[in-house]
Every structure is written in structure tokens, then in C-alpha cells.
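Shown next: data_18.tsv, given as TSV, C-alpha atoms.
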chain	number	residue	atom	x	y	z
L	1	MET	CA	-20.91	-11.68	-15.58
L	2	THR	CA	-19.36	-8.43	-14.38
L	3	GLU	CA	-15.95	-7.15	-15.36
L	4	PRO	CA	-13.41	-7.31	-12.49
L	5	LEU	CA	-12.48	-3.97	-10.96
L	6	ARG	CA	-9.23	-2.54	-12.30
L	7	SER	CA	-8.99	0.42	-9.90
L	8	ALA	CA	-10.04	1.57	-6.45
L	9	ASP	CA	-10.69	5.19	-5.51
L	10	ILE	CA	-10.45	6.50	-1.95
L	11	HIS	CA	-14.07	5.54	-1.21
L	12	LEU	CA	-13.56	1.89	-2.17
L	13	ILE	CA	-10.19	1.80	-0.40
L	14	GLN	CA	-11.92	2.82	2.84
L	15	ARG	CA	-14.49	0.07	2.35
L	16	ILE	CA	-11.72	-2.54	2.02
L	17	ILE	CA	-9.11	-1.57	4.63
L	18	PRO	CA	-9.84	-0.09	8.07
L	19	HIS	CA	-7.10	2.57	8.02
L	20	ARG	CA	-8.10	6.22	8.47
L	21	TYR	CA	-6.32	9.52	8.91
L	22	PRO	CA	-3.55	9.89	9.86
L	23	PHE	CA	-2.63	6.33	8.86
L	24	LEU	CA	-4.43	5.86	5.55
L	25	LEU	CA	-1.41	6.10	3.24
L	26	VAL	CA	-2.74	5.26	-0.22
L	27	ASP	CA	-4.97	7.57	-2.26
L	28	LYS	CA	-5.74	5.38	-5.27
L	29	VAL	CA	-4.98	1.91	-6.58
L	30	ARG	CA	-4.95	1.35	-10.33
L	31	ASP	CA	-3.96	-1.32	-12.85
L	32	ILE	CA	-5.34	-4.04	-10.58
L	33	ASP	CA	-4.77	-7.42	-12.21
L	34	GLY	CA	-6.79	-9.74	-10.01
L	35	TYR	CA	-4.72	-10.56	-6.96
L	36	SER	CA	-1.42	-10.70	-8.88
L	37	SER	CA	-0.41	-7.04	-9.30
L	38	ALA	CA	-1.48	-3.44	-8.82
L	39	VAL	CA	-0.14	0.10	-8.65
L	40	GLY	CA	-0.82	2.32	-5.63
L	41	ILE	CA	-0.65	6.10	-5.67
L	42	LYS	CA	0.24	8.22	-2.63
L	43	ASN	CA	0.20	12.01	-2.94
L	44	VAL	CA	2.75	13.16	-0.38
L	45	THR	CA	1.69	16.43	1.27
L	46	MET	CA	3.27	18.69	3.89
L	47	ASN	CA	0.20	18.53	6.14
L	48	GLU	CA	0.88	14.90	7.12
L	49	PRO	CA	1.64	14.72	10.86
L	50	HIS	CA	4.95	12.84	10.62
L	51	PHE	CA	6.57	15.77	8.80
L	52	GLN	CA	6.41	17.94	11.95
L	53	GLY	CA	9.09	15.80	13.55
L	54	HIS	CA	10.73	13.97	10.62
L	55	PHE	CA	12.56	16.30	10.21
L	56	PRO	CA	11.89	19.93	11.20
L	57	GLY	CA	13.16	22.07	8.34
L	58	LYS	CA	13.80	19.05	6.07
L	59	PRO	CA	10.62	16.97	5.80
L	60	ILE	CA	11.28	13.39	4.67
L	61	MET	CA	8.66	10.62	4.54
L	62	PRO	CA	9.75	7.93	7.02
L	63	GLY	CA	10.79	4.67	5.39
L	64	VAL	CA	8.40	2.66	7.53
L	65	THR	CA	5.47	4.70	6.23
L	66	ILE	CA	6.58	4.01	2.65
L	67	ILE	CA	6.52	0.28	3.41
L	68	GLU	CA	3.13	0.65	5.12
L	69	ALA	CA	1.74	2.46	2.05
L	70	MET	CA	2.95	-0.45	-0.09
L	71	ALA	CA	1.30	-2.95	2.25
L	72	GLN	CA	-1.96	-1.00	2.12
L	73	THR	CA	-1.76	-1.11	-1.69
L	74	ALA	CA	-1.34	-4.89	-1.56
L	75	ALA	CA	-4.29	-5.23	0.83
L	76	VAL	CA	-6.51	-3.14	-1.46
L	77	MET	CA	-5.42	-5.23	-4.47
L	78	VAL	CA	-6.32	-8.50	-2.76
L	79	GLY	CA	-9.44	-7.03	-1.16
L	80	THR	CA	-10.69	-5.77	-4.52
L	81	ALA	CA	-9.98	-9.06	-6.28
L	82	LEU	CA	-11.70	-11.09	-3.54
L	83	ASP	CA	-14.66	-8.70	-3.12
L	84	MET	CA	-13.81	-7.81	0.48
L	85	ALA	CA	-15.51	-4.40	0.56
L	86	ASP	CA	-17.46	-3.88	3.79
L	87	ARG	CA	-16.17	-7.16	5.27
L	88	ASN	CA	-13.83	-5.68	7.92
L	89	MET	CA	-10.67	-7.28	6.53
L	90	LEU	CA	-7.61	-6.86	8.72
L	91	VAL	CA	-4.00	-7.30	7.61
L	92	TYR	CA	-0.99	-7.90	9.85
L	93	PHE	CA	2.71	-7.73	8.97
L	94	MET	CA	4.59	-10.97	9.55
L	95	ALA	CA	7.95	-10.14	7.93
L	96	ILE	CA	9.70	-7.36	6.05
L	97	GLU	CA	12.65	-8.52	3.96
L	98	SER	CA	15.14	-7.27	1.42
L	99	CYS	CA	14.22	-3.65	2.04
L	100	LYS	CA	16.34	-0.94	0.47
L	101	PHE	CA	15.80	2.80	0.29
L	102	ARG	CA	17.27	4.63	-2.69
L	103	ARG	CA	15.74	8.11	-2.69
L	104	MET	CA	14.16	10.47	-0.19
L	105	VAL	CA	10.41	11.01	-0.54
L	106	VAL	CA	9.36	14.56	0.30
L	107	PRO	CA	6.20	16.68	0.27
L	108	GLY	CA	5.06	17.36	-3.29
L	109	ASP	CA	6.16	13.93	-4.52
L	110	ILE	CA	3.73	11.43	-6.00
L	111	LEU	CA	4.75	7.99	-4.77
L	112	GLU	CA	3.91	5.23	-7.27
L	113	MET	CA	4.00	1.76	-5.71
L	114	LYS	CA	4.10	-1.30	-7.96
L	115	LEU	CA	3.16	-4.44	-6.06
L	116	THR	CA	3.15	-8.08	-7.14
L	117	THR	CA	1.99	-11.15	-5.29
L	118	LEU	CA	4.81	-13.61	-4.79
L	119	ARG	CA	2.78	-16.15	-2.82
L	120	GLY	CA	-0.91	-16.30	-1.96
L	121	LYS	CA	-4.23	-17.39	-3.37
L	122	PRO	CA	-7.92	-17.03	-2.55
L	123	GLY	CA	-8.63	-18.61	0.81
L	124	ALA	CA	-5.03	-18.32	2.03
L	125	LYS	CA	-4.28	-16.31	5.16
L	126	VAL	CA	-0.55	-15.78	4.56
L	127	TRP	CA	0.55	-13.82	1.48
L	128	LYS	CA	3.94	-12.60	0.30
L	129	PHE	CA	4.41	-9.51	-1.85
L	130	GLY	CA	7.21	-7.75	-3.64
L	131	GLY	CA	7.18	-4.13	-4.54
L	132	VAL	CA	8.99	-1.05	-5.68
L	133	ALA	CA	8.10	2.54	-4.90
L	134	GLN	CA	9.12	5.25	-7.34
L	135	VAL	CA	8.90	9.02	-7.70
L	136	GLU	CA	8.86	10.20	-11.33
L	137	GLY	CA	10.40	6.88	-12.40
L	138	GLU	CA	13.23	7.08	-9.86
L	139	LEU	CA	13.48	4.17	-7.41
L	140	ALA	CA	12.73	5.21	-3.82
L	141	CYS	CA	12.23	1.83	-2.11
L	142	GLU	CA	12.19	-1.87	-2.88
L	143	VAL	CA	10.89	-4.49	-0.46
L	144	GLN	CA	9.42	-7.93	0.04
L	145	PHE	CA	6.98	-8.50	2.88
L	146	THR	CA	4.74	-11.21	4.25
L	147	ALA	CA	1.34	-10.45	5.70
L	148	MET	CA	-1.50	-12.37	7.27
L	149	MET	CA	-4.88	-11.37	5.91
L	150	ASP	CA	-7.89	-12.01	8.06
L	151	LEU	CA	-10.20	-12.64	5.12
L	152	ALA	CA	-13.06	-13.76	7.35
L	153	GLY	CA	-13.31	-10.27	8.82
L	154	ALA	CA	-12.69	-8.94	12.29

As C-alpha cells - that is how I would like this structure written.
Amino acid sequence: MTEPLRSADIHLIQRIIPHRYPFLLVDKVRDIDGYSSAVGIKNVTMNEPHFQGHFPGKPIMPGVTIIEAMAQTAAVMVGTALDMADRNMLVYFMAIESCKFRRMVVPGDILEMKLTTLRGKPGAKVWKFGGVAQVEGELACEVQFTAMMDLAGA
């Protein structure tokens, strides 16, 4: 019996979710505890295309991309736990709730996203997650979202 994976590097992430540059927004997922919780890491860099227009002279990571990075972390967590590598899993937002932004995220920041599963189990298509995103321990975003996971593949 093999030990369950506790982390996913960029190579495994790309085998689980279909996102690619410029929309792959998570660099690593660690502390994976089955499909119940995980921590995603996003290294925020100035060369990301949204910073050219958001905002010139004062680059700030758009809130929607922070939420997307959290959703990608959740998808990698579930995909890792359910052995979805190379299975063309797709994930679709269904709802975003209770979202609050508390701190700007800027180039040079390391965004740490702590996700937990609120509802969902193997075989289910609809999952609900809660998460917080922090920079150096300071809260940047908190959110709950619901997503449909096409676990059968595209």
C-alpha cells in the first residue's frame, strides 16, 4: 500500500488541472490531507500579464485571480486525493460566497492559501470549499465557493 501524496509540485499540478500560462495561478500545493484540506502557494511576480493594466504604476493582484488561485488549489487537493492525474479533470465555479478582501497582494508577495472542504466526497460532482489567503500571516482574502468537478474527465 502506497502512502498518499502530501504535496504537488508544478509538474503534478499540470497533470491534474488543465490551466496553463497565463492562467495557472498556483505554484505548489502542500500539506494535502486527503480531500479535506491543503495549502496552496502562489509566488506573485511582476511579469504576470494582469499587472500591466491593474494598475499601471501600482500593481495589485486582482481579487478574482486570488479566488481563482484558491479554487485551483482546491482542485489540485481533490485531484491528488482521488488520483486524477492525466484524467483531464475540469472544474467549474457554481457560486462564490462570503468573500472579503483584507489586504492588497502585490508583486514579491508569497500568497499562502489554506483550503478546507466543507462539502464533498469521492464520486460527488458538487463540492464546497472554504479558504483564507494570507501574505506573511496577514489575511488577504477569505471566501467560500462551490464548484462542480467533472471527475470523469473531459

- Item | Counting all atoms listed in the file, the option among L:Gly40, L:Gly57, L:Gly79, L:Pro49 closest to Met113 in chain L |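 Ranked by minimum distance to Met113 in chain L, first place goes to L:Gly40.
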
- Task: May I ask which of the residues L:Asp33, L:Glu136, L:Asp9, L:Asp150 is the closest one to Gly108 in chain L, counting only C-alpha atoms?
- Result: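 The shortest atom-to-atom distance to Gly108 in chain L comes from L:Glu136.
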
- Task: Tell me which protein, DNA and RNA residues are within 7 Å of Ile41 in chain L, counting only C-alpha atoms, leaving out same-chain ones fewer than 2 positions away, and put them as a ChimeraX atom specification.
- Result: /L:26-29,39,43,110-113

Sort by chain and increasing residue number a table of all residues of range 60-101 of chain L within 10 Å of range 118-122 of chain L, each with its closest pair of atoms and their distance in Å to one decimal, counting all atoms listed in the file, and write it as JSON lines.
{"residue": "L:Val78", "atom": "CA", "partner": "L:Pro122", "partner_atom": "CA", "distance": 8.7}
{"residue": "L:Ala81", "atom": "CA", "partner": "L:Pro122", "partner_atom": "CA", "distance": 9.0}
{"residue": "L:Leu82", "atom": "CA", "partner": "L:Pro122", "partner_atom": "CA", "distance": 7.1}

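Shortest atom-to-atom contact with Cys141 in chain L among L:Pro56, L:Gly123, L:Gly63, L:Pro107: L:Gly63, counting only C-alpha atoms.
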
- Message: With all atoms listed in the file as the counted atoms, please give the residues lying no more than 9 Å from range 84-91 of chain L, apart from itself and same-chain residues fewer than 5 positions off, as an MDAnalysis selection string.
- Response: chainID L and resid 12:18 71:72 75:76 78:79 147:154

- Task: Grab the CA of Ile67 in chain L to CA of Ile10 in chain L distance for me, in Å with one decimal place.
- Result: 18.9 Å

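Minimum atom-to-atom distance to Ile96 in chain L, evaluated using all atoms listed in the file, belongs to L:Val143 out of L:Val143, L:Met70, L:Val44, L:Val135.
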
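When only C-alpha atoms are used to measure the gap to Glu142 in chain L, the shortest distance among L:Ile66, L:Met94, L:Ala8, L:Ile60 belongs to L:Ile66.
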
- Residue among L:His19, L:Gly130, L:Ala124, L:His11 lying closest to Ser36 in chain L, counting only C-alpha atoms: L:Gly130

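For Pro59 in chain L, the non-local neighbours within 12 Å, defined as residues at least 5 positions apart in the same chain or in other chains and counting all atoms listed in the file, are L:Val44, L:Thr45, L:Met46, L:Asn47, L:Glu48, L:Pro49, L:His50, L:Phe51, L:Gln52, L:Gly53, L:His54, L:Met104, L:Val105, L:Val106, L:Pro107, L:Gly108, L:Asp109.
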
- Hey, can you check how far CA of Phe145 in chain L sits from CA of Leu25 in chain L? 16.8 Å

- Message: For a test of reading the model, state the distance in Å between CA of Pro4 in chain L and CA of Thr116 in chain L, rounded to one decimal.
- Response: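 So the two atoms, CA of Pro4 in chain L and CA of Thr116 in chain L, lie 17.4 Å apart.
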
- Message: Give me the residues near Phe23 in chain L as a PyMOL selection string, where near means some atom within 9 Å (using only C-alpha atoms) and where sequence neighbours in that chain fewer than 2 positions away do not count.
- Response: chain L and resi 19-21+25+65+68-69

Which residues are close to Arg6 in chain L, i.e. within 8 Å by all atoms listed in the file, leaving aside same-chain residues fewer than 5 positions away? Reply as a compact mmCIF listing (two decimals) with C-alpha atoms, in the frame of the given file.
# COMPACT_ATOMS: atom_id res chain seq x y z
CA ARG L 30 -4.95 1.35 -10.33
CA ASP L 31 -3.96 -1.32 -12.85
CA ILE L 32 -5.34 -4.04 -10.58
CA ASP L 33 -4.77 -7.42 -12.21
CA GLY L 34 -6.79 -9.74 -10.01

- Task: Within 7 Å of (1.0, -8.1, -7.5) (coordinates as in the file), grab all the protein and nucleic acid residues, counting only C-alpha atoms, and write them out as a ChimeraX atom specification.
- Result: /L:35-38,115-117,129

Missing atoms in range 29-47 of chain L need filling: write out N, CA, C and O atoms for it as a tab-separated table (two decimals), in the frame of the given file.
chain	number	residue	atom	x	y	z
L	29	VAL	N	-5.64	3.11	-6.08
L	29	VAL	CA	-4.98	1.91	-6.58
L	29	VAL	C	-5.50	1.68	-7.99
L	29	VAL	O	-6.70	1.69	-8.23
L	30	ARG	N	-4.56	1.52	-8.93
L	30	ARG	CA	-4.95	1.35	-10.33
L	30	ARG	C	-4.23	0.14	-10.91
L	30	ARG	O	-3.39	-0.48	-10.25
L	31	ASP	N	-4.58	-0.19	-12.13
L	31	ASP	CA	-3.96	-1.32	-12.85
L	31	ASP	C	-4.04	-2.62	-12.05
L	31	ASP	O	-3.11	-3.41	-12.05
L	32	ILE	N	-5.16	-2.81	-11.37
L	32	ILE	CA	-5.34	-4.04	-10.58
L	32	ILE	C	-5.53	-5.20	-11.54
L	32	ILE	O	-6.42	-5.18	-12.39
L	33	ASP	N	-4.69	-6.21	-11.40
L	33	ASP	CA	-4.77	-7.42	-12.21
L	33	ASP	C	-5.09	-8.59	-11.27
L	33	ASP	O	-4.18	-9.30	-10.82
L	34	GLY	N	-6.38	-8.71	-10.95
L	34	GLY	CA	-6.79	-9.74	-10.01
L	34	GLY	C	-6.05	-9.57	-8.70
L	34	GLY	O	-5.94	-8.47	-8.18
L	35	TYR	N	-5.52	-10.66	-8.18
L	35	TYR	CA	-4.72	-10.56	-6.96
L	35	TYR	C	-3.23	-10.74	-7.27
L	35	TYR	O	-2.43	-11.04	-6.40
L	36	SER	N	-2.83	-10.51	-8.54
L	36	SER	CA	-1.42	-10.70	-8.88
L	36	SER	C	-0.60	-9.41	-8.91
L	36	SER	O	0.58	-9.43	-8.57
L	37	SER	N	-1.19	-8.28	-9.28
L	37	SER	CA	-0.41	-7.04	-9.30
L	37	SER	C	-1.33	-5.82	-9.28
L	37	SER	O	-2.50	-5.90	-9.64
L	38	ALA	N	-0.74	-4.71	-8.86
L	38	ALA	CA	-1.48	-3.44	-8.82
L	38	ALA	C	-0.48	-2.30	-8.60
L	38	ALA	O	0.67	-2.54	-8.20
L	39	VAL	N	-0.95	-1.09	-8.85
L	39	VAL	CA	-0.14	0.10	-8.65
L	39	VAL	C	-0.89	1.03	-7.69
L	39	VAL	O	-2.03	1.40	-7.96
L	40	GLY	N	-0.25	1.38	-6.59
L	40	GLY	CA	-0.82	2.32	-5.63
L	40	GLY	C	-0.25	3.70	-5.83
L	40	GLY	O	0.92	3.86	-6.20
L	41	ILE	N	-1.07	4.71	-5.55
L	41	ILE	CA	-0.65	6.10	-5.67
L	41	ILE	C	-0.81	6.78	-4.31
L	41	ILE	O	-1.87	6.70	-3.68
L	42	LYS	N	0.26	7.45	-3.87
L	42	LYS	CA	0.24	8.22	-2.63
L	42	LYS	C	0.71	9.63	-2.95
L	42	LYS	O	1.84	9.83	-3.39
L	43	ASN	N	-0.16	10.60	-2.77
L	43	ASN	CA	0.20	12.01	-2.94
L	43	ASN	C	0.78	12.50	-1.62
L	43	ASN	O	0.07	12.58	-0.62
L	44	VAL	N	2.06	12.78	-1.61
L	44	VAL	CA	2.75	13.16	-0.38
L	44	VAL	C	2.56	14.67	-0.16
L	44	VAL	O	2.92	15.47	-1.02
L	45	THR	N	1.98	15.03	0.99
L	45	THR	CA	1.69	16.43	1.27
L	45	THR	C	2.30	16.87	2.60
L	45	THR	O	2.46	16.06	3.52
L	46	MET	N	2.62	18.13	2.69
L	46	MET	CA	3.27	18.69	3.89
L	46	MET	C	2.40	18.61	5.13
L	46	MET	O	2.91	18.61	6.24
L	47	ASN	N	1.09	18.52	4.96
L	47	ASN	CA	0.20	18.53	6.14
L	47	ASN	C	0.10	17.18	6.84
L	47	ASN	O	-0.67	17.05	7.79
